[in-house]
file target_36.cif (mmCIF, C-alpha atoms)
data_entry
loop_
_atom_site.label_atom_id
_atom_site.label_comp_id
_atom_site.auth_asym_id
_atom_site.auth_seq_id
_atom_site.Cartn_x
_atom_site.Cartn_y
_atom_site.Cartn_z
CA MET A 1 9.87 -4.25 -23.40
CA SER A 2 10.52 -6.02 -20.10
CA THR A 3 8.00 -6.43 -17.30
CA ILE A 4 9.94 -3.88 -15.22
CA ASP A 5 9.77 -1.41 -18.10
CA TYR A 6 5.99 -1.88 -18.10
CA TYR A 7 5.80 -0.99 -14.40
CA ASP A 8 8.10 2.00 -14.84
CA LYS A 9 5.97 3.30 -17.70
CA ASN A 10 2.65 2.66 -15.92
CA ALA A 11 3.67 3.25 -12.30
CA GLU A 12 1.04 5.85 -11.38
CA MET A 13 -1.80 3.90 -12.99
CA TYR A 14 -0.67 0.67 -11.32
CA PHE A 15 -0.26 2.41 -7.95
CA ASP A 16 -3.78 3.86 -8.11
CA TYR A 17 -5.28 0.54 -9.23
CA THR A 18 -3.68 -1.63 -6.53
CA VAL A 19 -3.10 0.54 -3.47
CA ASN A 20 -6.54 -0.08 -1.93
CA ALA A 21 -6.89 -3.81 -2.65
CA ASP A 22 -8.08 -5.72 0.42
CA MET A 23 -5.43 -8.28 1.34
CA SER A 24 -6.55 -8.70 4.96
CA ASP A 25 -7.16 -12.46 4.78
CA ASN A 26 -3.66 -13.08 3.43
CA TYR A 27 -2.12 -10.70 5.99
CA GLN A 28 -3.76 -12.63 8.84
CA ARG A 29 -2.65 -16.01 7.49
CA PHE A 30 0.96 -14.76 7.20
CA LEU A 31 1.24 -12.74 10.41
CA ILE A 32 -0.10 -15.49 12.66
CA TYR A 33 3.32 -17.17 12.23
CA LEU A 34 5.35 -14.05 13.07
CA PRO A 35 5.96 -12.49 16.49
CA GLN A 36 5.20 -8.79 16.91
CA ASN A 37 8.10 -6.53 15.84
CA SER A 38 9.34 -9.09 13.31
CA PHE A 39 11.46 -7.84 10.41
CA ILE A 40 9.69 -8.42 7.07
CA LEU A 41 11.10 -8.16 3.55
CA ASP A 42 8.35 -6.98 1.19
CA ALA A 43 9.80 -8.46 -2.00
CA GLY A 44 8.34 -6.69 -5.01
CA CYS A 45 6.29 -4.24 -2.97
CA GLY A 46 4.60 -2.47 -5.90
CA SER A 47 2.50 0.38 -4.50
CA GLY A 48 3.75 -0.20 -0.94
CA ARG A 49 0.24 -1.15 0.22
CA ASP A 50 1.38 -4.26 2.11
CA SER A 51 4.48 -2.59 3.59
CA ARG A 52 2.30 0.20 4.92
CA TYR A 53 -0.04 -2.32 6.55
CA PHE A 54 2.85 -4.14 8.23
CA LEU A 55 4.45 -0.88 9.41
CA THR A 56 1.20 0.41 10.91
CA HIS A 57 0.79 -2.89 12.76
CA GLY A 58 4.16 -2.71 14.51
CA TYR A 59 6.42 -4.68 12.18
CA LYS A 60 9.76 -3.54 10.78
CA VAL A 61 9.85 -3.60 6.99
CA LYS A 62 12.43 -3.46 4.23
CA ALA A 63 10.58 -2.89 0.97
CA ILE A 64 12.16 -3.59 -2.41
CA ASP A 65 10.98 -3.44 -6.01
CA GLY A 66 12.55 -3.72 -9.45
CA SER A 67 10.67 -0.71 -10.81
CA LYS A 68 12.42 2.57 -10.07
CA GLU A 69 9.21 4.54 -10.62
CA LEU A 70 7.16 2.34 -8.27
CA CYS A 71 9.92 2.65 -5.66
CA LEU A 72 9.54 6.44 -5.74
CA LEU A 73 5.74 6.29 -5.34
CA ALA A 74 5.87 3.58 -2.66
CA SER A 75 8.61 5.40 -0.70
CA GLU A 76 6.37 8.44 -0.42
CA TYR A 77 3.35 6.31 0.48
CA ILE A 78 5.01 4.33 3.29
CA GLY A 79 7.24 7.10 4.62
CA GLN A 80 10.54 5.26 4.21
CA GLU A 81 12.87 4.45 1.34
CA VAL A 82 11.91 1.59 -0.92
CA ILE A 83 15.06 0.02 -2.37
CA ASN A 84 15.25 -0.36 -6.15
CA ILE A 85 16.78 -3.81 -6.65
CA ARG A 86 16.04 -6.88 -8.73
CA PHE A 87 15.61 -10.22 -7.02
CA CYS A 88 18.68 -11.62 -8.80
CA ASP A 89 20.82 -8.89 -7.21
CA MET A 90 19.68 -9.46 -3.61
CA ASP A 91 22.41 -10.64 -1.25
CA TYR A 92 20.70 -10.59 2.12
CA ILE A 93 21.79 -13.38 4.48
CA ASN A 94 19.92 -14.52 7.61
CA GLU A 95 18.28 -11.11 7.94
CA PHE A 96 14.48 -11.42 7.91
CA ASP A 97 11.89 -13.08 10.12
CA GLY A 98 9.46 -13.09 7.21
CA ILE A 99 9.36 -12.56 3.46
CA TRP A 100 6.21 -11.35 1.77
CA ALA A 101 6.25 -11.90 -2.01
CA ASN A 102 2.72 -11.03 -3.04
CA ALA A 103 2.18 -11.24 -6.82
CA SER A 104 5.87 -10.58 -7.51
CA LEU A 105 7.65 -13.91 -8.08
CA LEU A 106 5.11 -14.61 -10.82
CA HIS A 107 7.12 -12.25 -13.04
CA VAL A 108 10.37 -14.23 -12.64
CA ASP A 109 11.34 -16.45 -15.59
CA LYS A 110 10.27 -20.06 -14.96
CA ASN A 111 13.89 -21.21 -15.41
CA LYS A 112 15.16 -18.78 -12.78
CA VAL A 113 12.40 -18.69 -10.17
CA LYS A 114 13.66 -21.69 -8.15
CA ASN A 115 17.07 -20.01 -7.83
CA ILE A 116 15.45 -16.73 -6.74
CA ILE A 117 13.41 -18.57 -4.11
CA SER A 118 16.63 -20.19 -2.82
CA ARG A 119 18.22 -16.73 -2.66
CA MET A 120 15.24 -15.53 -0.63
CA GLY A 121 15.58 -18.57 1.61
CA ARG A 122 19.13 -17.46 2.42
CA ALA A 123 17.76 -14.03 3.35
CA LEU A 124 15.45 -15.62 5.93
CA LYS A 125 16.50 -16.41 9.47
CA PRO A 126 16.20 -20.07 10.51
CA ASN A 127 12.49 -20.87 10.94
CA GLY A 128 11.62 -17.68 9.04
CA ILE A 129 8.26 -17.51 7.27
CA PHE A 130 7.86 -16.98 3.51
CA TYR A 131 4.60 -16.08 1.75
CA ALA A 132 4.18 -16.02 -2.04
CA SER A 133 1.28 -15.86 -4.47
CA PHE A 134 0.94 -16.69 -8.16
CA LYS A 135 -1.84 -16.57 -10.70
CA TYR A 136 -3.37 -20.01 -10.95
CA GLY A 137 -2.37 -22.08 -13.97
CA ASP A 138 0.34 -24.30 -15.36
CA SER A 139 2.09 -22.26 -18.01
CA ASP A 140 4.34 -19.30 -18.52
CA ARG A 141 3.12 -16.55 -20.83
CA VAL A 142 3.31 -12.93 -21.82
CA GLN A 143 0.12 -10.94 -21.35
CA GLY A 144 -0.07 -7.25 -22.20
CA GLU A 145 3.70 -6.57 -22.00
CA ARG A 146 4.18 -8.54 -18.76
CA TYR A 147 5.65 -12.01 -18.30
CA TYR A 148 3.80 -14.43 -15.99
CA ASN A 149 4.86 -17.76 -14.53
CA ASP A 150 1.58 -19.35 -13.41
CA MET A 151 1.43 -22.03 -10.72
CA ASN A 152 -0.92 -24.78 -9.66
CA GLU A 153 -0.70 -26.80 -6.45
CA ASP A 154 1.78 -29.34 -7.85
CA ARG A 155 4.07 -26.74 -9.43
CA ILE A 156 4.13 -24.56 -6.32
CA LYS A 157 4.93 -27.52 -4.06
CA GLU A 158 7.88 -28.40 -6.28
CA LEU A 159 9.03 -24.78 -6.36
CA PHE A 160 9.12 -24.62 -2.54
CA SER A 161 10.31 -28.20 -1.95
CA ASP A 162 13.34 -26.99 0.04
CA PHE A 163 11.04 -25.46 2.68
CA GLU A 164 8.52 -26.83 5.15
CA ILE A 165 5.10 -26.14 3.60
CA LEU A 166 2.66 -24.74 6.17
CA GLU A 167 -0.32 -23.76 3.99
CA ILE A 168 -1.45 -23.71 0.36
CA TRP A 169 -4.79 -22.17 -0.57
CA MET A 170 -6.72 -20.69 -3.45
CA SER A 171 -8.10 -17.15 -3.41
CA ASP A 172 -10.04 -14.80 -5.65
CA ASP A 173 -8.49 -11.73 -7.21
CA ALA A 174 -8.52 -8.76 -4.81
CA LEU A 175 -8.50 -6.16 -7.58
CA PRO A 176 -11.72 -4.68 -8.92
CA GLY A 177 -13.06 -6.02 -12.21
CA ARG A 178 -10.90 -9.15 -12.27
CA SER A 179 -12.00 -12.74 -11.76
CA GLU A 180 -8.67 -14.57 -11.81
CA LYS A 181 -7.81 -17.25 -9.27
CA TRP A 182 -4.61 -17.21 -7.24
CA VAL A 183 -2.61 -19.90 -5.48
CA ASN A 184 -0.97 -18.82 -2.22
CA ILE A 185 1.68 -20.57 -0.17
CA ILE A 186 3.24 -20.08 3.26
CA VAL A 187 6.41 -21.99 4.06
CA LYS A 188 8.93 -22.13 6.86
CA ASN A 189 12.68 -21.96 6.38
CA SER A 190 13.54 -25.12 8.28
CA ASN A 191 17.19 -25.13 7.21
CA SER A 192 19.68 -23.43 9.51
CA LYS A 193 21.95 -21.98 6.86
#
call {"tool": "encode", "arguments": {"input": "target_36.cif", "output": "structure tokens"}}
result
Amino acid sequence: MSTIDYYDKNAEMYFDYTVNADMSDNYQRFLIYLPQNSFILDAGCGSGRDSRYFLTHGYKVKAIDGSKELCLLASEYIGQEVINIRFCDMDYINEFDGIWANASLLHVDKNKVKNIISRMGRALKPNGIFYASFKYGDSDRVQGERYYNDMNEDRIKELFSDFEILEIWMSDDALPGRSEKWVNIIVKNSNSK
């Protein structure tokens, strides 16, 4: 079973578990770099929680997710279509002011994640802002039917070495009953592609 199959099979449970998580600190850190009305790609939007926040605060959002079932639930929740697409099939060029990849790139195979991040970089406008978060660690693993590519500070810096790093910080898990640590990064697309 693939990670996407897991989310398709457990979409309603996952939606209910994550939709009310408080991400306000991360939102503020990200949005301080973006002008009002910016166009944000919510890459791997899951429940649509973050897209809904951005939409209600005046931003334009394109939300995507690899899970067809989560796309259906999130579309209803945010009031606009969530596009069912895998990161490897994205072909956006110079389109977004910001990319929000909260707890989504951590499911990309460690041998492919750098290429996916480059693909996302091409989707950003020059000087666009890119946020991503990973579970803290230094290994890749399968846990309960899902693949994880964990990051520490050194690994995440290497992963985003083609961008200008603005911030890296640690945070606690926002979901109830979990005590995992996360590493977060905000970078700027300083290349004019």
call {"tool": "residues_around", "arguments": {"input": "target_36.cif", "residues": "Val108 of chain A", "least_positions_apart": "3", "cutoff": "10 Å", "atoms": "all atoms listed in the file", "output": "list in words"}}
result
Thr3, Phe87, Cys88, Ser104, Leu105, Asn111, Lys112, Val113, Lys114, Ile116, Asp140, Tyr147, Tyr148 and Asn149 of chain A
call {"tool": "residues_around", "arguments": {"input": "target_36.cif", "residues": "Arg178 of chain A", "least_positions_apart": "3", "cutoff": "12 Å", "atoms": "all atoms listed in the file", "output": "number ranges by chain"}}
result
A: 17-18, 21, 135, 172-175, 181-182
call {"tool": "write_last_selection", "arguments": {"input": "target_36.cif", "atoms": "C-alpha atoms", "output": "mmCIF file, in the frame of the given file"}}
result
data_model
loop_
_atom_site.group_PDB
_atom_site.id
_atom_site.type_symbol
_atom_site.label_atom_id
_atom_site.label_comp_id
_atom_site.auth_asym_id
_atom_site.auth_seq_id
_atom_site.Cartn_x
_atom_site.Cartn_y
_atom_site.Cartn_z
ATOM 1 C CA TYR A 17 -5.280 0.540 -9.230
ATOM 2 C CA THR A 18 -3.680 -1.630 -6.530
ATOM 3 C CA ALA A 21 -6.890 -3.810 -2.650
ATOM 4 C CA LYS A 135 -1.840 -16.570 -10.700
ATOM 5 C CA ASP A 172 -10.040 -14.800 -5.650
ATOM 6 C CA ASP A 173 -8.490 -11.730 -7.210
ATOM 7 C CA ALA A 174 -8.520 -8.760 -4.810
ATOM 8 C CA LEU A 175 -8.500 -6.160 -7.580
ATOM 9 C CA LYS A 181 -7.810 -17.250 -9.270
ATOM 10 C CA TRP A 182 -4.610 -17.210 -7.240
#
call {"tool": "closest_residue", "arguments": {"input": "target_36.cif", "among": "A:Val142, A:Leu41, A:Ile4, A:Arg49", "to": "Asn20 of chain A", "atoms": "all atoms listed in the file"}}
result
A:Arg49
call {"tool": "closest_residue", "arguments": {"input": "target_36.cif", "among": "A:Glu158, A:Asp50, A:Glu69, A:Glu76", "to": "Trp100 of chain A", "atoms": "all atoms listed in the file"}}
result
A:Asp50
call {"tool": "resolve_selection", "arguments": {"input": "target_36.cif", "expression": "the PyMOL selection byres ((chain A and resi 44) around 10)", "output": "MDAnalysis selection string"}}
result
chainID A and resid 41:43 45:48 63:67 70:71 82:87 100:105 107
call {"tool": "resolve_selection", "arguments": {"input": "target_36.cif", "expression": "the PyMOL selection byres ((chain A and resi 30) around 10)", "output": "PDB file with C-alpha atoms, keeping the file's coordinate frame"}}
result
ATOM      1  CA  SER A  24      -6.550  -8.700   4.960  1.00  0.00           C
ATOM      2  CA  ASP A  25      -7.160 -12.460   4.780  1.00  0.00           C
ATOM      3  CA  ASN A  26      -3.660 -13.080   3.430  1.00  0.00           C
ATOM      4  CA  TYR A  27      -2.120 -10.700   5.990  1.00  0.00           C
ATOM      5  CA  GLN A  28      -3.760 -12.630   8.840  1.00  0.00           C
ATOM      6  CA  ARG A  29      -2.650 -16.010   7.490  1.00  0.00           C
ATOM      7  CA  LEU A  31       1.240 -12.740  10.410  1.00  0.00           C
ATOM      8  CA  ILE A  32      -0.100 -15.490  12.660  1.00  0.00           C
ATOM      9  CA  TYR A  33       3.320 -17.170  12.230  1.00  0.00           C
ATOM     10  CA  LEU A  34       5.350 -14.050  13.070  1.00  0.00           C
ATOM     11  CA  GLY A  98       9.460 -13.090   7.210  1.00  0.00           C
ATOM     12  CA  ILE A  99       9.360 -12.560   3.460  1.00  0.00           C
ATOM     13  CA  TRP A 100       6.210 -11.350   1.770  1.00  0.00           C
ATOM     14  CA  ILE A 129       8.260 -17.510   7.270  1.00  0.00           C
ATOM     15  CA  PHE A 130       7.860 -16.980   3.510  1.00  0.00           C
ATOM     16  CA  TYR A 131       4.600 -16.080   1.750  1.00  0.00           C
ATOM     17  CA  ALA A 132       4.180 -16.020  -2.040  1.00  0.00           C
ATOM     18  CA  GLU A 167      -0.320 -23.760   3.990  1.00  0.00           C
ATOM     19  CA  ILE A 185       1.680 -20.570  -0.170  1.00  0.00           C
ATOM     20  CA  ILE A 186       3.240 -20.080   3.260  1.00  0.00           C
ATOM     21  CA  VAL A 187       6.410 -21.990   4.060  1.00  0.00           C
TER      22      VAL A 187
END
call {"tool": "closest_residue", "arguments": {"input": "target_36.cif", "among": "A:Gly177, A:Pro126, A:Gly144, A:Gly58", "to": "Ser190 of chain A", "atoms": "all atoms listed in the file"}}
result
A:Pro126
call {"tool": "atom_distance", "arguments": {"input": "target_36.cif", "atom1": "atom CA of Ile78 of chain A", "atom2": "atom CA of Leu55 of chain A"}}
result
8.1 Å
call {"tool": "resolve_selection", "arguments": {"input": "target_36.cif", "expression": "the PyMOL selection byres ((chain A and resi 61) around 6)", "output": "list in words"}}
result
Phe39, Ile40, Leu41, Lys60 and Lys62 of chain A
call {"tool": "write_last_selection", "arguments": {"input": "target_36.cif", "atoms": "C-alpha atoms", "output": "PDB file, in the coordinates of the input"}}
result
ATOM      1  CA  PHE A  39      11.460  -7.840  10.410  1.00  0.00           C
ATOM      2  CA  ILE A  40       9.690  -8.420   7.070  1.00  0.00           C
ATOM      3  CA  LEU A  41      11.100  -8.160   3.550  1.00  0.00           C
ATOM      4  CA  LYS A  60       9.760  -3.540  10.780  1.00  0.00           C
ATOM      5  CA  LYS A  62      12.430  -3.460   4.230  1.00  0.00           C
TER       6      LYS A  62
END
call {"tool": "atom_distance", "arguments": {"input": "target_36.cif", "atom1": "atom CA of His57 of chain A", "atom2": "atom CA of Glu95 of chain A"}}
result
19.9 Å
call {"tool": "atom_distance", "arguments": {"input": "target_36.cif", "atom1": "atom CA of Ile93 of chain A", "atom2": "atom CA of Glu153 of chain A"}}
result
28.4 Å
call {"tool": "closest_residue", "arguments": {"input": "target_36.cif", "among": "A:Lys157, A:Asp5, A:Asn115, A:Ser171", "to": "Asp89 of chain A", "atoms": "only C-alpha atoms"}}
result
A:Asn115
call {"tool": "decode", "arguments": {"input": "target_36.cif", "residues": "segment 40-78 of chain A", "atoms": "N, CA and C atoms", "output": "mmCIF file, in the first residue's frame"}}
result
data_model
loop_
_atom_site.group_PDB
_atom_site.id
_atom_site.type_symbol
_atom_site.label_atom_id
_atom_site.label_comp_id
_atom_site.auth_asym_id
_atom_site.auth_seq_id
_atom_site.Cartn_x
_atom_site.Cartn_y
_atom_site.Cartn_z
ATOM 1 N N ILE A 40 -1.145 31.680 -3.390
ATOM 2 C CA ILE A 40 -0.445 30.635 -2.644
ATOM 3 C C ILE A 40 -0.827 29.263 -3.192
ATOM 4 N N LEU A 41 0.181 28.419 -3.402
ATOM 5 C CA LEU A 41 -0.050 27.007 -3.705
ATOM 6 C C LEU A 41 0.016 26.244 -2.389
ATOM 7 N N ASP A 42 -1.096 25.622 -1.995
ATOM 8 C CA ASP A 42 -1.109 24.750 -0.816
ATOM 9 C C ASP A 42 -0.809 23.343 -1.330
ATOM 10 N N ALA A 43 0.446 22.945 -1.204
ATOM 11 C CA ALA A 43 0.956 21.710 -1.820
ATOM 12 C C ALA A 43 0.823 20.545 -0.846
ATOM 13 N N GLY A 44 -0.158 19.691 -1.107
ATOM 14 C CA GLY A 44 -0.466 18.602 -0.194
ATOM 15 C C GLY A 44 -1.362 19.117 0.917
ATOM 16 N N CYS A 45 -2.515 19.639 0.532
ATOM 17 C CA CYS A 45 -3.364 20.411 1.454
ATOM 18 C C CYS A 45 -4.094 19.569 2.490
ATOM 19 N N GLY A 46 -4.138 18.242 2.312
ATOM 20 C CA GLY A 46 -4.822 17.408 3.303
ATOM 21 C C GLY A 46 -6.268 17.816 3.491
ATOM 22 N N SER A 47 -6.633 18.166 4.708
ATOM 23 C CA SER A 47 -8.022 18.524 5.036
ATOM 24 C C SER A 47 -8.469 19.836 4.409
ATOM 25 N N GLY A 48 -7.525 20.675 3.981
ATOM 26 C CA GLY A 48 -7.863 22.002 3.472
ATOM 27 C C GLY A 48 -7.838 23.072 4.554
ATOM 28 N N ARG A 49 -7.450 22.690 5.754
ATOM 29 C CA ARG A 49 -7.417 23.610 6.898
ATOM 30 C C ARG A 49 -6.611 24.878 6.590
ATOM 31 N N ASP A 50 -5.411 24.705 6.045
ATOM 32 C CA ASP A 50 -4.533 25.853 5.803
ATOM 33 C C ASP A 50 -5.043 26.693 4.636
ATOM 34 N N SER A 51 -5.528 26.036 3.582
ATOM 35 C CA SER A 51 -6.126 26.768 2.459
ATOM 36 C C SER A 51 -7.276 27.638 2.939
ATOM 37 N N ARG A 52 -8.115 27.075 3.784
ATOM 38 C CA ARG A 52 -9.262 27.836 4.282
ATOM 39 C C ARG A 52 -8.800 29.072 5.060
ATOM 40 N N TYR A 53 -7.772 28.908 5.872
ATOM 41 C CA TYR A 53 -7.232 30.050 6.620
ATOM 42 C C TYR A 53 -6.745 31.131 5.653
ATOM 43 N N PHE A 54 -5.961 30.731 4.657
ATOM 44 C CA PHE A 54 -5.431 31.720 3.712
ATOM 45 C C PHE A 54 -6.560 32.409 2.943
ATOM 46 N N LEU A 55 -7.541 31.652 2.501
ATOM 47 C CA LEU A 55 -8.677 32.223 1.762
ATOM 48 C C LEU A 55 -9.454 33.222 2.614
ATOM 49 N N THR A 56 -9.686 32.888 3.869
ATOM 50 C CA THR A 56 -10.461 33.791 4.738
ATOM 51 C C THR A 56 -9.660 35.022 5.148
ATOM 52 N N HIS A 57 -8.351 35.010 4.893
ATOM 53 C CA HIS A 57 -7.515 36.172 5.194
ATOM 54 C C HIS A 57 -7.094 36.926 3.931
ATOM 55 N N GLY A 58 -7.830 36.713 2.841
ATOM 56 C CA GLY A 58 -7.666 37.558 1.663
ATOM 57 C C GLY A 58 -6.653 37.097 0.635
ATOM 58 N N TYR A 59 -6.135 35.883 0.781
ATOM 59 C CA TYR A 59 -5.176 35.368 -0.196
ATOM 60 C C TYR A 59 -5.899 34.528 -1.239
ATOM 61 N N LYS A 60 -5.296 34.435 -2.420
ATOM 62 C CA LYS A 60 -5.794 33.515 -3.446
ATOM 63 C C LYS A 60 -5.055 32.201 -3.255
ATOM 64 N N VAL A 61 -5.759 31.095 -3.427
ATOM 65 C CA VAL A 61 -5.162 29.790 -3.147
ATOM 66 C C VAL A 61 -5.476 28.800 -4.255
ATOM 67 N N LYS A 62 -4.460 28.043 -4.657
ATOM 68 C CA LYS A 62 -4.662 26.822 -5.439
ATOM 69 C C LYS A 62 -4.245 25.687 -4.508
ATOM 70 N N ALA A 63 -5.185 24.795 -4.209
ATOM 71 C CA ALA A 63 -4.908 23.685 -3.302
ATOM 72 C C ALA A 63 -4.806 22.402 -4.110
ATOM 73 N N ILE A 64 -3.774 21.607 -3.801
ATOM 74 C CA ILE A 64 -3.572 20.333 -4.471
ATOM 75 C C ILE A 64 -3.296 19.252 -3.442
ATOM 76 N N ASP A 65 -3.622 18.014 -3.800
ATOM 77 C CA ASP A 65 -3.291 16.877 -2.944
ATOM 78 C C ASP A 65 -3.271 15.614 -3.800
ATOM 79 N N GLY A 66 -2.453 14.649 -3.400
ATOM 80 C CA GLY A 66 -2.360 13.395 -4.127
ATOM 81 C C GLY A 66 -3.488 12.425 -3.837
ATOM 82 N N SER A 67 -4.193 12.641 -2.729
ATOM 83 C CA SER A 67 -5.288 11.752 -2.345
ATOM 84 C C SER A 67 -6.608 12.242 -2.933
ATOM 85 N N LYS A 68 -7.197 11.434 -3.781
ATOM 86 C CA LYS A 68 -8.473 11.810 -4.400
ATOM 87 C C LYS A 68 -9.558 12.021 -3.344
ATOM 88 N N GLU A 69 -9.578 11.157 -2.339
ATOM 89 C CA GLU A 69 -10.617 11.249 -1.301
ATOM 90 C C GLU A 69 -10.446 12.504 -0.443
ATOM 91 N N LEU A 70 -9.202 12.847 -0.101
ATOM 92 C CA LEU A 70 -8.982 14.086 0.649
ATOM 93 C C LEU A 70 -9.322 15.306 -0.191
ATOM 94 N N CYS A 71 -9.067 15.244 -1.490
ATOM 95 C CA CYS A 71 -9.431 16.356 -2.371
ATOM 96 C C CYS A 71 -10.937 16.613 -2.324
ATOM 97 N N LEU A 72 -11.727 15.560 -2.314
ATOM 98 C CA LEU A 72 -13.186 15.720 -2.261
ATOM 99 C C LEU A 72 -13.620 16.380 -0.951
ATOM 100 N N LEU A 73 -13.074 15.909 0.169
ATOM 101 C CA LEU A 73 -13.434 16.483 1.474
ATOM 102 C C LEU A 73 -12.949 17.931 1.591
ATOM 103 N N ALA A 74 -11.713 18.178 1.165
ATOM 104 C CA ALA A 74 -11.147 19.526 1.266
ATOM 105 C C ALA A 74 -11.864 20.501 0.341
ATOM 106 N N SER A 75 -12.262 20.054 -0.845
ATOM 107 C CA SER A 75 -12.993 20.923 -1.779
ATOM 108 C C SER A 75 -14.272 21.436 -1.134
ATOM 109 N N GLU A 76 -14.990 20.534 -0.487
ATOM 110 C CA GLU A 76 -16.226 20.926 0.186
ATOM 111 C C GLU A 76 -15.935 21.881 1.341
ATOM 112 N N TYR A 77 -14.869 21.613 2.068
ATOM 113 C CA TYR A 77 -14.531 22.416 3.247
ATOM 114 C C TYR A 77 -14.109 23.844 2.884
ATOM 115 N N ILE A 78 -13.341 23.998 1.794
ATOM 116 C CA ILE A 78 -12.846 25.345 1.460
ATOM 117 C C ILE A 78 -13.709 26.068 0.440
#
